[in-house]
Amino acid sequence: QVQLVESGGGLVQAGGSLRLSCAASTPTYTFTRYAMGWFRQAPGKERELLAAVSWSGVNTYYPDSVKGRFTISRDNAKNTVDLQINSLKPEDTAVYYCAADRTFRDDYVNPRESGYDYWGQGTQVTVSS
């Protein structure tokens, strides 16, 4: 089991930036076996994948809808995975979640909405116009 705790959300003006962080409470040797992802869910909308990263941090995936504004990174020494969001828009308002995928092969990155095994509680991001 791993517990994931997101932080860094808040109220920000459109055009600003935020850096969200997800801390995993698990031994480092375990955290490095997880592929990670960031998701969000806005009111009345389905959850969507924003970014994913392999256990090494080398392989990443972004859906076309967020390419150029979102950057995922991880620090395996600190058991954290971050999401940098630039040029925030009001439509980015949502609860943001990190998730861990236990699949461990090659330098696997999960580009799908499904297959993640552990989820955090989320952090609220509100973007004002």
# chains A, B, ... in the order shown; residues from 1 in each chain; ligands from 1
$ residues_around --residues "region 61-70 of chain A" --least-positions-apart "4" --cutoff "10 Å" --atoms "only C-alpha atoms" --output "number ranges by chain"
A: 17-19, 37-38, 48-54, 83-88, 109-112
$ write_last_selection --atoms "N, CA, C and O atoms" --output "PDB file, in the first residue's frame"
ATOM      1  N   SER A  17       0.764  30.713 -12.551  1.00  0.00           N
ATOM      2  CA  SER A  17       1.318  29.355 -12.538  1.00  0.00           C
ATOM      3  C   SER A  17       1.148  28.728 -11.163  1.00  0.00           C
ATOM      4  O   SER A  17       1.034  29.436 -10.150  1.00  0.00           O
ATOM      5  N   LEU A  18       1.135  27.428 -11.158  1.00  0.00           N
ATOM      6  CA  LEU A  18       1.098  26.662  -9.915  1.00  0.00           C
ATOM      7  C   LEU A  18       1.991  25.454 -10.071  1.00  0.00           C
ATOM      8  O   LEU A  18       2.134  24.913 -11.167  1.00  0.00           O
ATOM      9  N   ARG A  19       2.542  25.026  -8.940  1.00  0.00           N
ATOM     10  CA  ARG A  19       3.281  23.775  -8.914  1.00  0.00           C
ATOM     11  C   ARG A  19       2.638  22.890  -7.860  1.00  0.00           C
ATOM     12  O   ARG A  19       2.668  23.202  -6.662  1.00  0.00           O
ATOM     13  N   GLY A  37       0.912   9.323 -12.261  1.00  0.00           N
ATOM     14  CA  GLY A  37       0.110  10.162 -13.133  1.00  0.00           C
ATOM     15  C   GLY A  37      -0.574  11.263 -12.356  1.00  0.00           C
ATOM     16  O   GLY A  37      -0.762  11.165 -11.140  1.00  0.00           O
ATOM     17  N   TRP A  38      -0.913  12.325 -13.070  1.00  0.00           N
ATOM     18  CA  TRP A  38      -1.719  13.415 -12.518  1.00  0.00           C
ATOM     19  C   TRP A  38      -3.020  13.488 -13.310  1.00  0.00           C
ATOM     20  O   TRP A  38      -3.024  13.413 -14.549  1.00  0.00           O
ATOM     21  N   GLU A  48      -9.963  13.373 -15.968  1.00  0.00           N
ATOM     22  CA  GLU A  48      -9.112  13.298 -17.148  1.00  0.00           C
ATOM     23  C   GLU A  48      -7.645  13.212 -16.746  1.00  0.00           C
ATOM     24  O   GLU A  48      -7.204  13.822 -15.763  1.00  0.00           O
ATOM     25  N   LEU A  49      -6.911  12.462 -17.535  1.00  0.00           N
ATOM     26  CA  LEU A  49      -5.475  12.328 -17.330  1.00  0.00           C
ATOM     27  C   LEU A  49      -4.781  13.570 -17.887  1.00  0.00           C
ATOM     28  O   LEU A  49      -5.055  13.993 -19.010  1.00  0.00           O
ATOM     29  N   LEU A  50      -3.855  14.120 -17.115  1.00  0.00           N
ATOM     30  CA  LEU A  50      -3.120  15.310 -17.530  1.00  0.00           C
ATOM     31  C   LEU A  50      -1.683  15.001 -17.923  1.00  0.00           C
ATOM     32  O   LEU A  50      -1.129  15.616 -18.829  1.00  0.00           O
ATOM     33  N   ALA A  51      -1.083  14.087 -17.187  1.00  0.00           N
ATOM     34  CA  ALA A  51       0.327  13.796 -17.424  1.00  0.00           C
ATOM     35  C   ALA A  51       0.682  12.491 -16.741  1.00  0.00           C
ATOM     36  O   ALA A  51       0.097  12.144 -15.719  1.00  0.00           O
ATOM     37  N   ALA A  52       1.653  11.795 -17.294  1.00  0.00           N
ATOM     38  CA  ALA A  52       2.120  10.547 -16.698  1.00  0.00           C
ATOM     39  C   ALA A  52       3.631  10.460 -16.849  1.00  0.00           C
ATOM     40  O   ALA A  52       4.211  11.032 -17.784  1.00  0.00           O
ATOM     41  N   VAL A  53       4.253   9.754 -15.897  1.00  0.00           N
ATOM     42  CA  VAL A  53       5.711   9.637 -15.908  1.00  0.00           C
ATOM     43  C   VAL A  53       6.102   8.231 -15.503  1.00  0.00           C
ATOM     44  O   VAL A  53       5.438   7.588 -14.684  1.00  0.00           O
ATOM     45  N   SER A  54       7.183   7.740 -16.088  1.00  0.00           N
ATOM     46  CA  SER A  54       7.687   6.409 -15.759  1.00  0.00           C
ATOM     47  C   SER A  54       8.429   6.440 -14.432  1.00  0.00           C
ATOM     48  O   SER A  54       8.683   7.503 -13.866  1.00  0.00           O
ATOM     49  N   LEU A  83       3.612  18.509 -10.588  1.00  0.00           N
ATOM     50  CA  LEU A  83       2.972  18.950 -11.822  1.00  0.00           C
ATOM     51  C   LEU A  83       3.058  20.465 -11.881  1.00  0.00           C
ATOM     52  O   LEU A  83       2.467  21.144 -11.050  1.00  0.00           O
ATOM     53  N   GLN A  84       3.793  20.960 -12.825  1.00  0.00           N
ATOM     54  CA  GLN A  84       3.903  22.398 -13.060  1.00  0.00           C
ATOM     55  C   GLN A  84       2.846  22.800 -14.084  1.00  0.00           C
ATOM     56  O   GLN A  84       2.772  22.191 -15.159  1.00  0.00           O
ATOM     57  N   ILE A  85       2.051  23.802 -13.727  1.00  0.00           N
ATOM     58  CA  ILE A  85       1.000  24.266 -14.637  1.00  0.00           C
ATOM     59  C   ILE A  85       1.237  25.744 -14.901  1.00  0.00           C
ATOM     60  O   ILE A  85       1.278  26.551 -13.967  1.00  0.00           O
ATOM     61  N   ASN A  86       1.384  26.085 -16.148  1.00  0.00           N
ATOM     62  CA  ASN A  86       1.600  27.478 -16.544  1.00  0.00           C
ATOM     63  C   ASN A  86       0.405  28.013 -17.316  1.00  0.00           C
ATOM     64  O   ASN A  86      -0.436  27.256 -17.795  1.00  0.00           O
ATOM     65  N   SER A  87       0.355  29.327 -17.414  1.00  0.00           N
ATOM     66  CA  SER A  87      -0.709  29.997 -18.177  1.00  0.00           C
ATOM     67  C   SER A  87      -2.079  29.470 -17.785  1.00  0.00           C
ATOM     68  O   SER A  87      -2.866  29.059 -18.640  1.00  0.00           O
ATOM     69  N   LEU A  88      -2.353  29.501 -16.508  1.00  0.00           N
ATOM     70  CA  LEU A  88      -3.608  28.946 -16.003  1.00  0.00           C
ATOM     71  C   LEU A  88      -4.809  29.670 -16.579  1.00  0.00           C
ATOM     72  O   LEU A  88      -4.792  30.895 -16.797  1.00  0.00           O
ATOM     73  N   VAL A 109       5.298   3.866 -18.804  1.00  0.00           N
ATOM     74  CA  VAL A 109       4.473   5.020 -18.491  1.00  0.00           C
ATOM     75  C   VAL A 109       3.048   4.672 -18.899  1.00  0.00           C
ATOM     76  O   VAL A 109       2.828   4.062 -19.949  1.00  0.00           O
ATOM     77  N   ASN A 110       2.089   4.999 -18.071  1.00  0.00           N
ATOM     78  CA  ASN A 110       0.694   4.662 -18.325  1.00  0.00           C
ATOM     79  C   ASN A 110      -0.025   5.858 -18.925  1.00  0.00           C
ATOM     80  O   ASN A 110      -0.326   6.818 -18.207  1.00  0.00           O
ATOM     81  N   PRO A 111      -0.377   5.820 -20.194  1.00  0.00           N
ATOM     82  CA  PRO A 111      -1.047   6.952 -20.835  1.00  0.00           C
ATOM     83  C   PRO A 111      -2.569   6.860 -20.802  1.00  0.00           C
ATOM     84  O   PRO A 111      -3.255   7.632 -21.470  1.00  0.00           O
ATOM     85  N   ARG A 112      -3.074   5.903 -20.043  1.00  0.00           N
ATOM     86  CA  ARG A 112      -4.516   5.667 -20.036  1.00  0.00           C
ATOM     87  C   ARG A 112      -5.169   6.226 -18.781  1.00  0.00           C
ATOM     88  O   ARG A 112      -4.524   6.513 -17.790  1.00  0.00           O
TER      89      ARG A 112
END
$ select_by_dssp --residues "region 4-128 of chain A" --states "helix (DSSP H, G or I)" --output "compact mmCIF listing (two decimals) with all heavy atoms, in the first residue's frame"
# COMPACT_ATOMS: atom_id res chain seq x y z
N THR A 28 11.46 4.42 -0.41
CA THR A 28 11.92 4.87 -1.72
C THR A 28 12.05 3.73 -2.71
O THR A 28 11.70 3.87 -3.89
CB THR A 28 13.26 5.60 -1.59
OG1 THR A 28 13.07 6.77 -0.79
CG2 THR A 28 13.81 6.00 -2.95
N TYR A 29 12.52 2.57 -2.25
CA TYR A 29 12.71 1.46 -3.19
C TYR A 29 11.37 1.01 -3.76
O TYR A 29 11.30 0.43 -4.84
CB TYR A 29 13.44 0.30 -2.53
CG TYR A 29 12.62 -0.51 -1.54
CD1 TYR A 29 11.82 -1.56 -1.96
CD2 TYR A 29 12.67 -0.22 -0.19
CE1 TYR A 29 11.09 -2.31 -1.06
CE2 TYR A 29 11.94 -0.95 0.72
CZ TYR A 29 11.14 -2.00 0.28
OH TYR A 29 10.41 -2.72 1.18
N THR A 30 10.28 1.26 -3.04
CA THR A 30 8.94 0.94 -3.54
C THR A 30 8.45 2.03 -4.47
O THR A 30 7.90 1.75 -5.54
CB THR A 30 7.96 0.76 -2.38
OG1 THR A 30 8.44 -0.26 -1.51
CG2 THR A 30 6.58 0.39 -2.89
N PHE A 31 8.64 3.28 -4.10
CA PHE A 31 8.17 4.38 -4.93
C PHE A 31 8.79 4.32 -6.32
O PHE A 31 8.13 4.64 -7.31
CB PHE A 31 8.51 5.71 -4.25
CG PHE A 31 8.07 6.92 -5.03
CD1 PHE A 31 6.73 7.23 -5.14
CD2 PHE A 31 9.00 7.76 -5.63
CE1 PHE A 31 6.31 8.34 -5.84
CE2 PHE A 31 8.59 8.88 -6.33
CZ PHE A 31 7.25 9.17 -6.44
N PRO A 90 -9.32 29.81 -16.42
CA PRO A 90 -10.45 29.48 -15.55
C PRO A 90 -10.93 28.03 -15.74
O PRO A 90 -11.36 27.40 -14.77
CB PRO A 90 -11.52 30.49 -15.97
CG PRO A 90 -10.73 31.66 -16.43
CD PRO A 90 -9.52 31.09 -17.12
N GLU A 91 -10.83 27.52 -16.94
CA GLU A 91 -11.28 26.15 -17.18
C GLU A 91 -10.34 25.10 -16.58
O GLU A 91 -10.63 23.91 -16.63
CB GLU A 91 -11.46 25.88 -18.68
CG GLU A 91 -10.29 26.26 -19.55
CD GLU A 91 -10.44 27.65 -20.15
OE1 GLU A 91 -10.89 28.59 -19.44
OE2 GLU A 91 -10.10 27.80 -21.34
N ASP A 92 -9.22 25.52 -16.02
CA ASP A 92 -8.35 24.60 -15.29
C ASP A 92 -8.85 24.36 -13.86
O ASP A 92 -8.28 23.53 -13.14
CB ASP A 92 -6.92 25.14 -15.24
CG ASP A 92 -6.24 25.14 -16.59
OD1 ASP A 92 -6.43 24.18 -17.36
OD2 ASP A 92 -5.50 26.12 -16.86
$ closest_residue --among "A:Arg40, A:Arg105, A:Lys89, A:Lys78" --to "Gln13 (chain A)" --atoms "only C-alpha atoms"
A:Lys89
$ select_by_dssp --residues "chain A" --states "strand (DSSP E or B)" --output "count of residues only"
60
$ residues_around --residues "Asp117 (chain A)" --least-positions-apart "2" --cutoff "9 Å" --atoms "only C-alpha atoms" --output "MDAnalysis selection string"
chainID A and resid 99:102 114:115 119
$ write_last_selection --atoms "N, CA and C atoms" --output "mmCIF file, in the first residue's frame"
data_model
loop_
_atom_site.group_PDB
_atom_site.id
_atom_site.type_symbol
_atom_site.label_atom_id
_atom_site.label_comp_id
_atom_site.auth_asym_id
_atom_site.auth_seq_id
_atom_site.Cartn_x
_atom_site.Cartn_y
_atom_site.Cartn_z
ATOM 1 N N ALA A 99 -1.795 9.755 -8.864
ATOM 2 C CA ALA A 99 -2.089 8.333 -8.790
ATOM 3 C C ALA A 99 -0.838 7.523 -9.112
ATOM 4 N N ALA A 100 -0.806 6.306 -8.586
ATOM 5 C CA ALA A 100 0.340 5.414 -8.779
ATOM 6 C C ALA A 100 -0.098 4.126 -9.453
ATOM 7 N N ASP A 101 0.711 3.683 -10.393
ATOM 8 C CA ASP A 101 0.472 2.432 -11.126
ATOM 9 C C ASP A 101 1.570 1.455 -10.738
ATOM 10 N N ARG A 102 1.198 0.285 -10.244
ATOM 11 C CA ARG A 102 2.182 -0.698 -9.765
ATOM 12 C C ARG A 102 2.889 -1.455 -10.877
ATOM 13 N N SER A 114 -7.188 4.457 -17.067
ATOM 14 C CA SER A 114 -7.365 3.324 -16.161
ATOM 15 C C SER A 114 -6.018 2.698 -15.822
ATOM 16 N N GLY A 115 -6.052 1.766 -14.874
ATOM 17 C CA GLY A 115 -4.857 1.017 -14.551
ATOM 18 C C GLY A 115 -4.061 1.551 -13.380
ATOM 19 N N TRP A 119 -4.591 6.227 -5.245
ATOM 20 C CA TRP A 119 -5.009 7.600 -5.515
ATOM 21 C C TRP A 119 -4.872 8.450 -4.265
#
$ residues_around --residues "Ala94 (chain A)" --least-positions-apart "4" --cutoff "10 Å" --atoms "only C-alpha atoms" --output "ChimeraX atom specification"
/A:9,39-43,45,47,90,122-127
$ closest_residue --among "A:Ser56, A:Asp107, A:Tyr118, A:Tyr97" --to "Gly8 (chain A)" --atoms "only C-alpha atoms"
A:Tyr97
$ residues_around --residues "Val2 (chain A)" --least-positions-apart "6" --cutoff "7 Å" --atoms "only C-alpha atoms" --output "NGL selection string"
:A and (24-26 or 118)
$ atom_distance --atom1 "CA of Leu11 (chain A)" --atom2 "CA of Gly44 (chain A)"
19.7 Å
$ atom_distance --atom1 "CA of Tyr116 (chain A)" --atom2 "CA of Phe104 (chain A)"
12.1 Å
$ closest_residue --among "A:Gln121, A:Thr71, A:Ser129, A:Asn79" --to "Cys98 (chain A)" --atoms "only C-alpha atoms"
A:Gln121
$ residues_around --residues "Asp82 (chain A)" --least-positions-apart "4" --cutoff "8 Å" --atoms "only C-alpha atoms" --output "PyMOL selection string"
chain A and resi 19-22+72-74
$ write_last_selection --atoms "N, CA, C and O atoms" --output "PDB file, in the first residue's frame"
ATOM      1  N   ARG A  19       2.542  25.026  -8.940  1.00  0.00           N
ATOM      2  CA  ARG A  19       3.281  23.775  -8.914  1.00  0.00           C
ATOM      3  C   ARG A  19       2.638  22.890  -7.860  1.00  0.00           C
ATOM      4  O   ARG A  19       2.668  23.202  -6.662  1.00  0.00           O
ATOM      5  N   LEU A  20       2.032  21.828  -8.311  1.00  0.00           N
ATOM      6  CA  LEU A  20       1.413  20.859  -7.424  1.00  0.00           C
ATOM      7  C   LEU A  20       2.431  19.776  -7.092  1.00  0.00           C
ATOM      8  O   LEU A  20       3.254  19.403  -7.923  1.00  0.00           O
ATOM      9  N   SER A  21       2.342  19.271  -5.878  1.00  0.00           N
ATOM     10  CA  SER A  21       3.250  18.225  -5.461  1.00  0.00           C
ATOM     11  C   SER A  21       2.469  17.058  -4.877  1.00  0.00           C
ATOM     12  O   SER A  21       1.420  17.251  -4.258  1.00  0.00           O
ATOM     13  N   CYS A  22       2.977  15.877  -5.074  1.00  0.00           N
ATOM     14  CA  CYS A  22       2.366  14.663  -4.537  1.00  0.00           C
ATOM     15  C   CYS A  22       3.449  13.909  -3.788  1.00  0.00           C
ATOM     16  O   CYS A  22       4.481  13.548  -4.383  1.00  0.00           O
ATOM     17  N   ILE A  72       5.266  17.314 -15.947  1.00  0.00           N
ATOM     18  CA  ILE A  72       5.351  16.384 -14.828  1.00  0.00           C
ATOM     19  C   ILE A  72       6.821  16.058 -14.567  1.00  0.00           C
ATOM     20  O   ILE A  72       7.619  15.940 -15.498  1.00  0.00           O
ATOM     21  N   SER A  73       7.158  15.904 -13.306  1.00  0.00           N
ATOM     22  CA  SER A  73       8.519  15.514 -12.939  1.00  0.00           C
ATOM     23  C   SER A  73       8.452  14.756 -11.621  1.00  0.00           C
ATOM     24  O   SER A  73       7.479  14.871 -10.876  1.00  0.00           O
ATOM     25  N   ARG A  74       9.483  13.996 -11.347  1.00  0.00           N
ATOM     26  CA  ARG A  74       9.501  13.245 -10.098  1.00  0.00           C
ATOM     27  C   ARG A  74      10.903  13.301  -9.489  1.00  0.00           C
ATOM     28  O   ARG A  74      11.900  13.420 -10.205  1.00  0.00           O
TER      29      ARG A  74
END
$ closest_residue --among "A:Trp55, A:Ser7, A:Gly15, A:Thr93" --to "Arg33 (chain A)" --atoms "only C-alpha atoms"
A:Trp55
